[in-house]
>>> print(open('run-v6.txt').read())   # compact mmCIF, C-alpha atoms and all ligand atoms
# COMPACT_ATOMS: atom_id res chain seq x y z
CA MET D 8 0.00 0.00 0.00
CA HIS D 9 1.11 3.60 -0.57
CA TYR D 10 0.42 6.48 1.79
CA ILE D 11 0.10 10.19 1.05
CA ARG D 12 2.31 11.80 3.72
CA LEU D 13 2.73 15.44 4.62
CA LEU D 14 6.42 16.31 4.82
CA LYS D 15 5.84 19.73 6.41
CA SER D 16 3.07 21.44 8.35
CA PRO D 17 0.82 23.24 5.87
CA THR D 18 1.28 27.02 5.81
CA GLN D 19 -1.10 29.80 4.78
CA SER D 20 -0.16 32.55 2.31
CA ARG D 21 -1.83 35.33 0.25
CA SER D 22 -2.00 35.47 -3.53
CA GLY D 23 -3.62 38.82 -4.35
CA LYS D 24 -7.01 38.65 -2.65
CA LYS D 25 -6.88 34.87 -2.38
CA HIS D 26 -6.07 32.97 0.77
CA MET D 27 -3.89 29.99 -0.08
CA LEU D 28 -2.88 26.84 1.79
CA ASP D 29 0.57 25.58 0.80
CA LEU D 30 1.08 21.83 1.07
CA VAL D 31 4.20 19.67 0.78
CA PHE D 32 3.64 15.95 0.52
CA THR D 33 4.99 12.73 -0.87
CA ILE D 34 3.51 9.30 -1.67
CA THR D 35 5.50 6.34 -0.35
CA THR D 36 5.15 2.85 1.09
CA ASP D 37 4.88 2.39 4.88
CA LEU D 38 8.67 2.18 5.34
CA GLY D 39 9.04 5.39 3.31
CA ASP D 40 11.68 3.66 1.19
CA SER D 41 9.81 3.49 -2.08
CA PHE D 42 8.02 6.37 -3.82
CA LEU D 43 4.86 5.71 -5.80
CA TYR D 44 5.95 4.98 -9.39
CA PRO D 45 2.74 4.58 -11.39
CA ASP D 46 2.55 3.40 -15.01
CA GLU D 47 0.16 6.27 -15.81
CA PRO D 48 -0.10 9.67 -14.05
CA ILE D 49 -2.59 9.55 -11.18
CA ASN D 50 -4.92 12.52 -10.59
CA LEU D 51 -4.94 13.95 -7.08
CA THR D 52 -7.85 15.78 -5.48
CA ILE D 53 -7.96 18.09 -2.49
CA HIS D 54 -11.29 18.68 -0.83
CA ALA D 55 -12.59 20.26 2.33
CA GLU D 56 -15.21 18.82 4.64
CA ILE D 57 -17.23 21.65 6.20
CA PRO D 58 -19.86 21.38 8.97
CA SER D 59 -23.23 21.75 7.22
CA ASP D 60 -25.36 24.88 7.87
CA SER D 61 -28.57 22.86 7.87
CA ASP D 62 -27.63 19.81 10.00
CA SER D 63 -24.86 19.94 12.61
CA LYS D 64 -24.23 16.20 12.23
CA LYS D 65 -23.67 16.44 8.47
CA LYS D 66 -20.69 17.68 6.53
CA ASP D 67 -20.60 19.38 3.11
CA LEU D 68 -17.80 18.45 0.72
CA VAL D 69 -16.12 21.19 -1.32
CA ASP D 70 -13.43 20.66 -3.95
CA LEU D 71 -10.62 23.15 -3.44
CA SER D 72 -9.19 24.71 -6.56
CA LEU D 73 -5.49 24.59 -7.17
CA ARG D 74 -3.26 27.42 -8.28
CA THR D 75 -1.96 25.17 -11.05
CA GLY D 76 -5.36 23.81 -12.15
CA LYS D 77 -4.65 20.09 -12.18
CA LEU D 78 -2.50 18.03 -9.83
CA GLN D 79 -1.03 14.69 -10.83
CA TRP D 80 1.45 12.21 -9.38
CA ARG D 81 3.79 10.87 -12.08
CA SER D 82 6.48 8.21 -12.07
CA GLY D 83 9.77 9.65 -10.85
CA MET D 84 8.13 12.24 -8.55
CA ARG D 85 9.36 12.48 -4.95
CA VAL D 86 7.37 15.44 -3.69
CA ALA D 87 4.34 17.58 -4.60
CA LYS D 88 3.99 21.20 -3.48
CA PRO D 89 0.51 22.41 -4.45
CA SER D 90 -1.17 25.60 -3.20
CA VAL D 91 -4.92 25.45 -2.77
CA ASP D 92 -7.37 28.33 -2.60
CA ILE D 93 -9.01 28.32 0.83
CA SER D 94 -10.54 31.85 0.59
CA ARG D 95 -14.01 30.36 0.88
CA LEU D 96 -13.09 28.56 4.11
CA MET D 97 -11.70 31.75 5.61
CA GLN D 98 -15.14 33.34 5.35
CA LEU D 99 -16.73 30.73 7.60
CA PRO D 100 -17.60 31.65 11.20
CA SER D 101 -14.60 30.80 13.42
CA ASN D 102 -16.26 27.86 15.20
CA SER D 103 -17.02 26.20 11.83
CA LYS D 104 -13.62 27.10 10.44
CA SER D 105 -11.85 25.27 13.27
CA LYS D 106 -13.75 22.10 12.37
CA VAL D 107 -12.89 22.09 8.67
CA SER D 108 -10.98 19.00 7.58
CA ILE D 109 -8.98 18.89 4.36
CA CYS D 110 -8.29 15.65 2.54
CA ILE D 111 -5.57 14.96 -0.03
CA SER D 112 -6.57 11.92 -2.01
CA THR D 113 -6.21 10.24 -5.38
CA GLU D 114 -9.10 10.03 -7.83
CA SER D 115 -8.49 6.32 -8.32
CA PHE D 116 -6.95 3.57 -6.13
CA SER D 117 -8.01 5.43 -3.00
CA ALA D 118 -7.92 3.37 0.25
CA ARG D 119 -10.72 5.22 2.02
CA SER D 120 -12.53 2.41 3.74
CA VAL D 121 -12.11 -1.02 5.30
CA SER D 122 -14.00 -2.44 2.32
CA ASP D 123 -11.74 -0.69 -0.25
CA ILE D 124 -8.68 -2.13 1.44
CA LEU D 125 -10.02 -5.66 1.82
CA ALA D 126 -11.18 -5.70 -1.83
CA THR D 127 -7.53 -5.60 -2.88
CA THR D 128 -6.61 -8.48 -0.57
CA ALA D 129 -9.22 -10.81 -2.10
CA VAL D 130 -7.61 -13.45 -4.28
CA SER D 131 -9.22 -13.31 -7.73
CA GLU D 132 -8.47 -15.62 -10.63
CA GLU D 133 -9.89 -13.27 -13.28
CA GLU D 134 -8.26 -10.00 -12.41
CA GLU D 135 -5.16 -8.99 -10.49
CA PRO D 136 -6.33 -6.26 -8.06
CA ALA D 137 -4.37 -3.01 -8.15
CA GLY D 138 -2.63 -1.57 -5.12
CA GLN D 139 -4.04 1.36 -3.18
CA ILE D 140 -3.12 4.77 -1.88
CA MET D 141 -4.27 5.98 1.52
CA PRO D 142 -5.49 9.61 1.66
CA VAL D 143 -4.27 11.98 4.38
CA TRP D 144 -6.38 14.46 6.37
CA ILE D 145 -5.65 17.64 8.30
CA THR D 146 -7.89 19.83 10.43
CA LEU D 147 -7.46 23.56 9.85
CA GLY D 148 -7.86 24.30 13.57
CA HIS D 149 -7.90 27.74 15.10
CA ALA D 150 -6.64 30.95 13.52
CA GLU D 151 -3.02 30.79 12.40
CA ALA D 152 -2.02 27.97 14.77
CA GLU D 153 0.29 25.48 13.09
CA VAL D 154 -1.22 22.18 12.00
CA GLU D 155 0.91 19.71 13.95
CA VAL D 156 -0.57 16.37 13.01
CA SER D 157 -2.24 14.73 10.07
CA THR D 158 -4.80 11.94 10.38
CA ARG D 159 -5.84 8.73 8.65
CA ARG D 160 -9.49 7.81 8.37
CA LEU D 161 -10.82 4.33 7.78
CA TYR D 162 -14.55 4.24 7.03
CA LEU D 163 -16.17 1.21 8.62
CA PRO D 164 -18.17 -1.37 6.67
CA GLY D 165 -21.90 -1.92 6.73
CA THR D 166 -22.99 1.69 6.89
CA SER D 167 -23.41 4.64 4.57
CA GLU D 168 -23.12 7.05 7.49
CA GLN D 169 -20.69 9.83 6.65
CA GLU D 170 -19.44 9.87 10.22
CA ASP D 171 -18.70 6.20 10.79
CA TYR D 172 -14.96 6.00 10.63
CA VAL D 173 -11.96 5.38 12.83
CA GLU D 174 -9.56 8.33 12.80
CA LEU D 175 -6.00 8.28 14.14
CA GLU D 176 -3.35 10.95 14.06
CA GLU D 177 0.18 10.58 12.75
CA GLU D 178 3.16 12.88 12.90
CA ILE D 179 3.97 15.24 10.04
CA GLY D 180 7.53 15.09 8.66
CA GLU D 181 10.09 12.80 7.16
CA SER D 182 10.34 10.30 10.03
CA ILE D 183 8.51 7.02 9.55
CA ALA D 184 7.94 6.60 13.30
CA ARG D 185 4.46 7.40 14.72
CA HIS D 186 2.67 6.29 11.60
CA ILE D 187 0.39 3.42 10.74
CA TRP D 188 1.92 0.41 9.02
CA ASP D 189 0.52 -2.08 6.49
CA ALA D 190 0.21 -5.13 8.76
CA GLY D 191 -1.71 -3.15 11.41
CA VAL D 192 -4.02 -1.66 8.77
CA ILE D 193 -4.77 -5.01 7.13
CA ALA D 194 -5.22 -6.83 10.47
CA PHE D 195 -7.56 -4.09 11.70
CA CYS D 196 -9.60 -4.18 8.47
CA ALA D 197 -9.91 -8.00 8.50
CA ILE D 198 -11.10 -8.01 12.12
CA ALA D 199 -13.43 -5.02 11.67
CA GLU D 200 -15.15 -6.62 8.69
CA SER D 201 -15.54 -10.02 10.34
CA TRP D 202 -17.00 -8.41 13.49
CA ILE D 203 -19.29 -5.85 11.87
CA LEU D 204 -20.63 -7.73 8.85
CA PRO D 205 -22.30 -11.08 9.40
CA MET D 206 -20.18 -13.59 7.50
CA PRO D 207 -21.15 -17.13 6.46
CA THR D 208 -19.32 -19.23 9.05
CA ASP D 209 -18.05 -21.70 6.46
CA THR D 210 -16.15 -19.00 4.55
CA GLU D 211 -14.85 -17.04 7.53
CA PRO D 212 -11.13 -17.70 8.13
CA SER D 213 -10.72 -19.87 11.23
CA GLY D 214 -8.31 -17.50 13.02
CA LEU D 215 -10.76 -14.59 12.78
CA LYS D 216 -13.60 -16.91 13.87
CA SER D 217 -11.62 -17.90 17.00
CA LEU D 218 -10.95 -14.26 17.83
CA LYS D 219 -14.62 -13.37 17.46
CA LYS D 220 -15.53 -16.27 19.76
CA LEU D 221 -13.08 -15.05 22.35
CA PHE D 222 -14.70 -11.61 22.38
CA ALA D 223 -18.26 -12.90 22.22
CA GLY D 224 -18.03 -15.14 25.32
CA PRO D 225 -19.76 -14.35 28.63
CA LYS D 226 -16.81 -13.13 30.77
CA PRO D 227 -15.02 -9.74 30.73
CA ILE D 228 -12.04 -9.89 28.41
CA ASN D 229 -8.56 -8.36 28.78
CA VAL D 230 -6.40 -7.64 25.74
CA LEU D 231 -2.81 -6.42 25.78
CA GLU D 232 -1.08 -4.99 22.72
CA LEU D 233 2.71 -4.91 22.34
CA GLY D 234 4.40 -2.19 20.22
CA CYS D 235 1.07 -0.46 19.53
CA GLY D 236 2.57 2.53 17.63
CA VAL D 237 -0.13 5.17 17.09
CA GLY D 238 -2.82 2.61 18.00
CA ILE D 239 -4.21 1.25 14.75
CA LEU D 240 -4.94 -2.20 16.15
CA GLY D 241 -5.83 -1.63 19.83
CA GLY D 242 -7.40 1.78 19.29
CA GLY D 243 -9.16 0.60 16.14
CA LEU D 244 -10.63 -2.43 17.93
CA SER D 245 -11.90 -0.23 20.76
CA ALA D 246 -14.00 1.61 18.16
CA VAL D 247 -15.21 -1.58 16.48
CA ILE D 248 -16.17 -3.63 19.55
CA PRO D 249 -19.30 -1.54 20.31
CA ARG D 250 -20.41 -2.20 16.70
CA MET D 251 -19.88 -5.99 16.89
CA ARG D 252 -22.84 -8.07 15.69
CA PRO D 253 -24.20 -9.20 18.10
CA PRO D 254 -22.75 -6.58 20.47
CA PRO D 255 -20.69 -8.01 23.36
CA SER D 256 -22.53 -7.82 26.66
CA ARG D 257 -19.42 -7.78 28.81
CA ARG D 258 -16.65 -5.33 29.44
CA CYS D 259 -13.43 -5.38 27.50
CA THR D 260 -10.16 -3.84 28.63
CA ILE D 261 -7.55 -3.07 25.99
CA LEU D 262 -4.10 -2.08 27.25
CA MET D 263 -1.87 -0.63 24.52
CA THR D 264 1.87 -0.66 25.24
CA ASP D 265 5.00 0.64 23.52
CA LEU D 266 8.26 2.45 24.25
CA GLU D 267 8.10 5.73 26.15
CA GLY D 268 8.65 7.76 22.97
CA ALA D 269 5.35 6.52 21.54
CA GLU D 270 3.27 7.43 24.58
CA SER D 271 2.15 10.99 23.85
CA ARG D 272 0.91 10.29 20.31
CA THR D 273 -0.89 7.14 21.44
CA ARG D 274 -2.55 8.98 24.33
CA SER D 275 -3.60 11.73 21.96
CA ASN D 276 -5.25 9.12 19.75
CA MET D 277 -6.96 7.59 22.79
CA SER D 278 -8.54 11.00 23.55
CA ARG D 279 -9.57 11.32 19.91
CA LEU D 280 -11.23 7.87 19.95
CA LEU D 281 -12.97 8.60 23.26
CA GLN D 282 -14.33 11.90 21.93
CA ALA D 283 -15.61 10.18 18.78
CA ARG D 284 -17.27 7.48 20.88
CA ARG D 285 -18.92 10.04 23.18
CA ALA D 286 -20.25 11.94 20.18
CA LYS D 287 -21.99 8.74 19.05
CA SER D 288 -23.37 7.30 22.25
CA SER D 289 -24.14 8.56 25.72
CA SER D 290 -24.30 5.06 27.22
CA SER D 291 -21.31 3.69 29.09
CA PRO D 292 -18.83 2.27 26.56
CA PRO D 293 -18.14 -1.47 26.79
CA VAL D 294 -14.42 -0.87 26.19
CA LYS D 295 -11.83 0.55 28.57
CA LEU D 296 -8.79 1.69 26.59
CA LEU D 297 -5.53 2.10 28.54
CA TYR D 298 -1.87 2.80 27.80
CA GLU D 299 1.30 1.84 29.65
CA ASN D 300 4.97 1.78 28.62
CA LEU D 301 6.39 -1.70 28.07
CA ASP D 302 9.91 -2.12 26.72
CA TRP D 303 10.52 -5.74 25.64
CA GLU D 304 14.00 -5.56 27.21
CA GLN D 305 12.24 -5.24 30.57
CA GLY D 306 9.34 -7.45 29.55
CA ARG D 307 11.62 -10.43 28.79
CA LYS D 308 12.69 -10.35 32.47
CA GLY D 309 9.06 -10.26 33.64
CA GLU D 310 9.46 -6.64 34.79
CA PHE D 311 6.05 -5.16 34.12
CA ASP D 312 4.40 -1.95 35.29
CA PHE D 313 1.16 -1.88 37.22
CA GLU D 314 -1.52 -2.40 34.53
CA THR D 315 0.42 -5.07 32.65
CA GLN D 316 1.14 -6.96 35.86
CA ASN D 317 -2.29 -6.51 37.34
CA HIS D 318 -4.45 -8.37 34.78
CA ARG D 319 -4.75 -11.79 33.31
CA TRP D 320 -4.51 -11.33 29.52
CA ASP D 321 -6.97 -13.35 27.45
CA LEU D 322 -5.29 -12.14 24.27
CA VAL D 323 -1.95 -10.54 23.49
CA MET D 324 -1.75 -8.91 20.05
CA LEU D 325 0.86 -7.22 17.92
CA SER D 326 1.21 -5.95 14.38
CA ASP D 327 4.32 -5.12 12.37
CA CYS D 328 6.65 -5.64 15.34
CA THR D 329 8.74 -8.48 13.93
CA TYR D 330 10.80 -6.79 11.17
CA ASN D 331 13.79 -6.04 13.45
CA VAL D 332 15.37 -9.46 13.91
CA ASP D 333 17.68 -8.20 16.65
CA MET D 334 14.61 -7.55 18.81
CA LEU D 335 12.92 -10.92 18.20
CA PRO D 336 14.41 -12.75 21.24
CA ALA D 337 13.30 -9.93 23.60
CA LEU D 338 9.86 -9.87 21.99
CA VAL D 339 9.27 -13.63 22.17
CA GLU D 340 10.59 -13.81 25.75
CA THR D 341 8.20 -10.96 26.65
CA LEU D 342 5.33 -13.06 25.30
CA SER D 343 6.49 -15.98 27.45
CA ALA D 344 6.85 -13.72 30.52
CA LEU D 345 3.27 -12.54 29.96
CA HIS D 346 2.19 -16.18 29.82
CA THR D 347 4.01 -16.85 33.13
CA SER D 348 2.23 -13.85 34.66
CA ASN D 349 -1.09 -15.19 33.32
CA MET D 350 -0.47 -18.58 34.93
CA ALA D 351 0.31 -16.88 38.26
CA HIS D 352 -3.02 -15.01 38.02
CA ALA D 353 -4.86 -18.26 37.26
CA ALA D 354 -3.19 -20.00 40.23
CA ALA D 355 -3.98 -17.08 42.54
CA SER D 356 -7.63 -16.93 41.51
CA SER D 357 -8.11 -20.71 41.84
CA SER D 358 -6.52 -20.76 45.31
CA SER D 359 -8.64 -17.80 46.46
CA SER D 360 -11.83 -19.50 45.18
CA GLY D 361 -10.68 -22.85 46.63
CA GLU D 362 -11.16 -24.59 43.26
CA ALA D 363 -8.65 -26.34 41.08
CA SER D 364 -8.26 -24.23 37.93
CA SER D 365 -9.36 -26.05 34.87
CA GLY D 366 -10.29 -25.49 31.28
CA GLU D 367 -8.44 -24.05 28.29
CA GLN D 368 -9.52 -20.47 29.08
CA LEU D 369 -7.56 -20.32 32.31
CA LEU D 370 -4.49 -22.31 31.43
CA SER D 371 -3.43 -20.91 28.09
CA THR D 372 -2.37 -17.60 26.57
CA LYS D 373 -3.31 -16.65 23.02
CA VAL D 374 -1.34 -14.33 20.76
CA PHE D 375 -2.68 -12.67 17.61
CA LEU D 376 0.20 -11.58 15.41
CA ALA D 377 0.09 -9.66 12.12
CA THR D 378 3.19 -9.29 10.02
CA LYS D 379 4.19 -8.16 6.54
CA PRO D 380 7.22 -10.31 5.75
CA ARG D 381 9.98 -8.00 4.54
CA HIS D 382 13.03 -10.26 4.76
CA ALA D 383 13.74 -14.00 5.03
CA SER D 384 15.67 -13.44 8.28
CA GLU D 385 12.36 -12.57 10.01
CA GLU D 386 11.46 -16.24 9.86
CA ALA D 387 13.65 -16.68 12.94
CA LEU D 388 10.53 -15.54 14.80
CA PHE D 389 8.75 -18.84 14.18
CA ASP D 390 11.68 -20.93 15.49
CA LEU D 391 11.89 -18.76 18.59
CA LEU D 392 8.15 -19.09 19.22
CA SER D 393 8.35 -22.85 18.82
CA GLN D 394 11.41 -23.10 21.14
CA GLU D 395 9.47 -21.17 23.79
CA GLY D 396 6.55 -23.60 23.55
CA TRP D 397 4.15 -21.48 21.46
CA THR D 398 1.98 -23.46 19.04
CA GLU D 399 0.50 -22.09 15.82
CA LEU D 400 -3.30 -22.53 15.85
CA HIS D 401 -4.23 -20.59 12.70
CA ARG D 402 -2.51 -18.84 9.84
CA GLN D 403 -4.00 -16.67 7.08
CA THR D 404 -2.09 -14.97 4.27
CA LEU D 405 -3.63 -11.93 2.58
CA PRO D 406 -2.09 -10.68 -0.66
CA LEU D 407 -1.28 -6.98 -0.60
CA PRO D 408 -0.95 -5.56 -4.12
CA VAL D 409 1.33 -2.53 -4.46
CA LEU D 410 0.93 -0.08 -7.36
CA GLY D 411 3.89 -0.18 -9.73
CA ALA D 412 5.65 -2.88 -7.70
CA GLU D 413 5.46 -6.57 -6.79
CA THR D 414 2.55 -7.82 -4.71
CA GLN D 415 3.40 -8.18 -1.01
CA SER D 416 1.46 -10.06 1.67
CA VAL D 417 0.29 -9.74 5.23
CA GLU D 418 0.19 -12.82 7.44
CA LEU D 419 -2.18 -13.18 10.37
CA TYR D 420 -1.37 -15.80 13.03
CA LEU D 421 -3.03 -17.07 16.16
CA TYR D 422 -0.60 -18.71 18.59
CA GLU D 423 -1.21 -20.38 21.92
CA LYS D 424 0.92 -21.43 24.84
CA LEU D 425 -0.44 -23.96 27.27
CA GLN D 426 0.54 -24.26 30.90
C1 LIG K 1 6.55 -0.74 12.85
S1 LIG K 1 5.93 -0.15 14.32
C2 LIG K 1 4.32 -0.90 14.37
C3 LIG K 1 3.38 -0.08 15.15
C4 LIG K 1 1.96 -0.62 15.20
N1 LIG K 1 1.89 -1.90 15.82
C5 LIG K 1 1.33 -0.66 13.82
O1 LIG K 1 1.04 -1.75 13.32
O2 LIG K 1 1.12 0.43 13.24
C6 LIG K 1 6.81 -1.10 15.57
C7 LIG K 1 6.52 -0.64 16.99
O3 LIG K 1 7.26 -1.47 17.91
C8 LIG K 1 7.76 -0.62 18.93
N2 LIG K 1 8.97 -1.21 19.52
C9 LIG K 1 10.17 -1.40 18.94
N3 LIG K 1 11.04 -1.91 19.82
C10 LIG K 1 10.39 -2.05 21.00
C11 LIG K 1 10.76 -2.51 22.29
N4 LIG K 1 11.99 -2.89 22.57
N5 LIG K 1 9.81 -2.52 23.25
C12 LIG K 1 8.56 -2.10 22.99
N6 LIG K 1 8.14 -1.64 21.79
C13 LIG K 1 9.05 -1.61 20.81
C14 LIG K 1 8.06 0.69 18.22
O4 LIG K 1 8.13 1.77 19.13
C15 LIG K 1 6.91 0.80 17.24
O5 LIG K 1 5.83 1.51 17.76
>>> encode(input="run-v6.txt", output="C-alpha cells")
Amino acid sequence: MHYIRLLKSPTQSRSGKKHMLDLVFTITTDLGDSFLYPDEPINLTIHAEIPSDSDSKKKDLVDLSLRTGKLQWRSGMRVAKPSVDISRLMQLPSNSKSKVSICISTESFSARSVSDILATTAVSEEEEPAGQIMPVWITLGHAEAEVEVSTRRLYLPGTSEQEDYVELEEEIGESIARHIWDAGVIAFCAIAESWILPMPTDTEPSGLKSLKKLFAGPKPINVLELGCGVGILGGGLSAVIPRMRPPPSRRCTILMTDLEGAESRTRSNMSRLLQARRAKSSSSPPVKLLYENLDWEQGRKGEFDFETQNHRWDLVMLSDCTYNVDMLPALVETLSALHTSNMAHAAASSSSSGEASSGEQLLSTKVFLATKPRHASEEALFDLLSQEGWTELHRQTLPLPVLGAETQSVELYLYEKLQ
C-alpha cells in the first residue's frame, strides 16, 4: 500500500485577494523507502469537509481549486507542493472554520474504507487487483495555529453514514515513526469486517472466527497490545467492539503498550477515539482503553508496570513488530513472561476461590500476530516461538498488491501457549 504523507506542516499565504494553503507531501510505502511509481499519471484531489449549515451532524464536501489547475502524481516524482485556494473557508464563522478537515486523495486507487482495502486483498483468478493509496487528512484548527498532526481515516463497513470511521493521528515530517503500518491496517480491516458484517461461518477464516468467539463469550475480556505505535490495532478495535454483531454484553479492557517515545501520540489518539465514541453514544462504553509503557527488554525479564502486571490477559496482540530481527528474542521472551504472569493469576484466583483451575480459558495464553514479511531473516521468529513452547493454531495470508511494484502479503497468526 502507498500512503500520502505530509512532509511539512501546511502554511497559509496570500496570492492577491486569495487565501492559499501551501502543502508539501509525498507518496511512499509504509517504510518510506519506495516512492509511488505509477505506469500512468494519477490525478490527485484536495477537498474540504465543512460542517453543514442545515444539520450539525452532516458535513458538506467542497473541492478546493489549485493554483496550477490540475495536480497529478507521475512516475519519478518524490514530492508535490501544491497551493490550494481556501478563501471560501476563511469566510466561515470561526467555530465552523476550526472544524474544517482537508483531505488529499487520489481520484483512483483510494484506500478510504475497510471495504476498499479488503477488496484488494481478495484473491481473484480473473483479475489482479491493483494496489491502493491511503489519503491523508488535516484539520485547519484555530486561527493561524500550526497544524501539527495529520490523520488517517478508515470508514467502517456496513454503513453509509458519513461519520462512521476510525480516525488516528500521525506525525507530520520525514520520520517514519508514529505512523500506521501495512500489517496493522490489514489486520484491523480484516477483524473489523468479520465483526461488523455477518459472514457465512463456512467462509470465515478460522483465526478470525476464533478471535470473534473469544470476544463474544460471557466473561469480561482483557487484551494487551505490544508495540502499539499510534494505536491502529488496539485503538481501532476499541472503536469496532461496540459495533460488533451481536454486540458483546461484557466489558473489554484493551491495554496498549509501547516504548516511552510513543506514549504521547498514542494517548492523543486515545482521547480522539474517546471523543468520537462520546459523540456517538451517551451510554457507558463497553471498552476501557488504557496505555502503559512496556519495553521488551524489561518485559523479557518479567518486569512489568502496574496495569500489565495486574491483569490476566486473554489475548496478546501485535502488528508489524517483527521486522527487526535483533529484537525478536526480547519480543518472544516478553510473550512468554506474559504467559508466566497469566499462569500466576490463574493459580492465585483458583486458590482464592478454593477450586482447582481447569479449562483451556484459564491455562493458556493466546497471541494474535500480524506481520508483513519483509526479509527471510524474520522467519527466525517462528523458530523462537516454537522453542518457547508457542503453538500455531491458525494462519492466514492476505495478498497486498502494491501499485507499480510486486505484490506483497500480510500474514495473520493465532498462537497459543499452554501451561
Ligand atoms: C513498525 S511499528 C508498528 C506499530 C503498530 N503496531 C502498527 O502496526 O502500526 C513497531 C513498533 O514497535 C515498537 N517497539 C520497537 N522496539 C520495541 C521494544 N523494545 N519494546 C517495545 N516496543 C518496541 C516501536 O516503538 C513501534 O511503535
>>> residues_near_ligand(input="run-v6.txt", ligand="ligand LIG 1 (chain K)", cutoff="7 Å", atoms="all atoms listed in the file", output="PyMOL selection string")
chain D and resi 185-192+233-240+265-266+269+301-304+325-328+334
>>> closest_residue(input="run-v6.txt", among="D:Ile261, D:Leu163, D:Leu147, D:Ile248", to="Ser103 (chain D)", atoms="all atoms listed in the file")
D:Leu147
>>> atom_distance(input="run-v6.txt", atom1="CA of Leu73 (chain D)", atom2="CA of Ser105 (chain D)")
21.4 Å
>>> residues_around(input="run-v6.txt", residues="region 383-392 of chain D", least_positions_apart="4", cutoff="12 Å", atoms="all atoms listed in the file", output="mmCIF file with C-alpha atoms, keeping the file's coordinate frame")
data_model
loop_
_atom_site.group_PDB
_atom_site.id
_atom_site.type_symbol
_atom_site.label_atom_id
_atom_site.label_comp_id
_atom_site.auth_asym_id
_atom_site.auth_seq_id
_atom_site.Cartn_x
_atom_site.Cartn_y
_atom_site.Cartn_z
ATOM 1 C CA ASP D 327 4.320 -5.120 12.370
ATOM 2 C CA CYS D 328 6.650 -5.640 15.340
ATOM 3 C CA THR D 329 8.740 -8.480 13.930
ATOM 4 C CA TYR D 330 10.800 -6.790 11.170
ATOM 5 C CA ASN D 331 13.790 -6.040 13.450
ATOM 6 C CA VAL D 332 15.370 -9.460 13.910
ATOM 7 C CA ASP D 333 17.680 -8.200 16.650
ATOM 8 C CA MET D 334 14.610 -7.550 18.810
ATOM 9 C CA LEU D 335 12.920 -10.920 18.200
ATOM 10 C CA PRO D 336 14.410 -12.750 21.240
ATOM 11 C CA ALA D 337 13.300 -9.930 23.600
ATOM 12 C CA LEU D 338 9.860 -9.870 21.990
ATOM 13 C CA VAL D 339 9.270 -13.630 22.170
ATOM 14 C CA GLU D 340 10.590 -13.810 25.750
ATOM 15 C CA THR D 341 8.200 -10.960 26.650
ATOM 16 C CA LEU D 342 5.330 -13.060 25.300
ATOM 17 C CA SER D 343 6.490 -15.980 27.450
ATOM 18 C CA VAL D 374 -1.340 -14.330 20.760
ATOM 19 C CA LEU D 376 0.200 -11.580 15.410
ATOM 20 C CA THR D 378 3.190 -9.290 10.020
ATOM 21 C CA LYS D 379 4.190 -8.160 6.540
ATOM 22 C CA GLY D 396 6.550 -23.600 23.550
ATOM 23 C CA TRP D 397 4.150 -21.480 21.460
ATOM 24 C CA THR D 398 1.980 -23.460 19.040
ATOM 25 C CA GLU D 399 0.500 -22.090 15.820
ATOM 26 C CA TYR D 420 -1.370 -15.800 13.030
ATOM 27 C CA LEU D 421 -3.030 -17.070 16.160
ATOM 28 C CA TYR D 422 -0.600 -18.710 18.590
ATOM 29 C CA GLU D 423 -1.210 -20.380 21.920
ATOM 30 C CA LYS D 424 0.920 -21.430 24.840
#
>>> atom_distance(input="run-v6.txt", atom1="CA of Leu161 (chain D)", atom2="CA of Glu267 (chain D)")
26.4 Å
>>> atom_distance(input="run-v6.txt", atom1="CA of Gly165 (chain D)", atom2="CA of Lys216 (chain D)")
18.6 Å
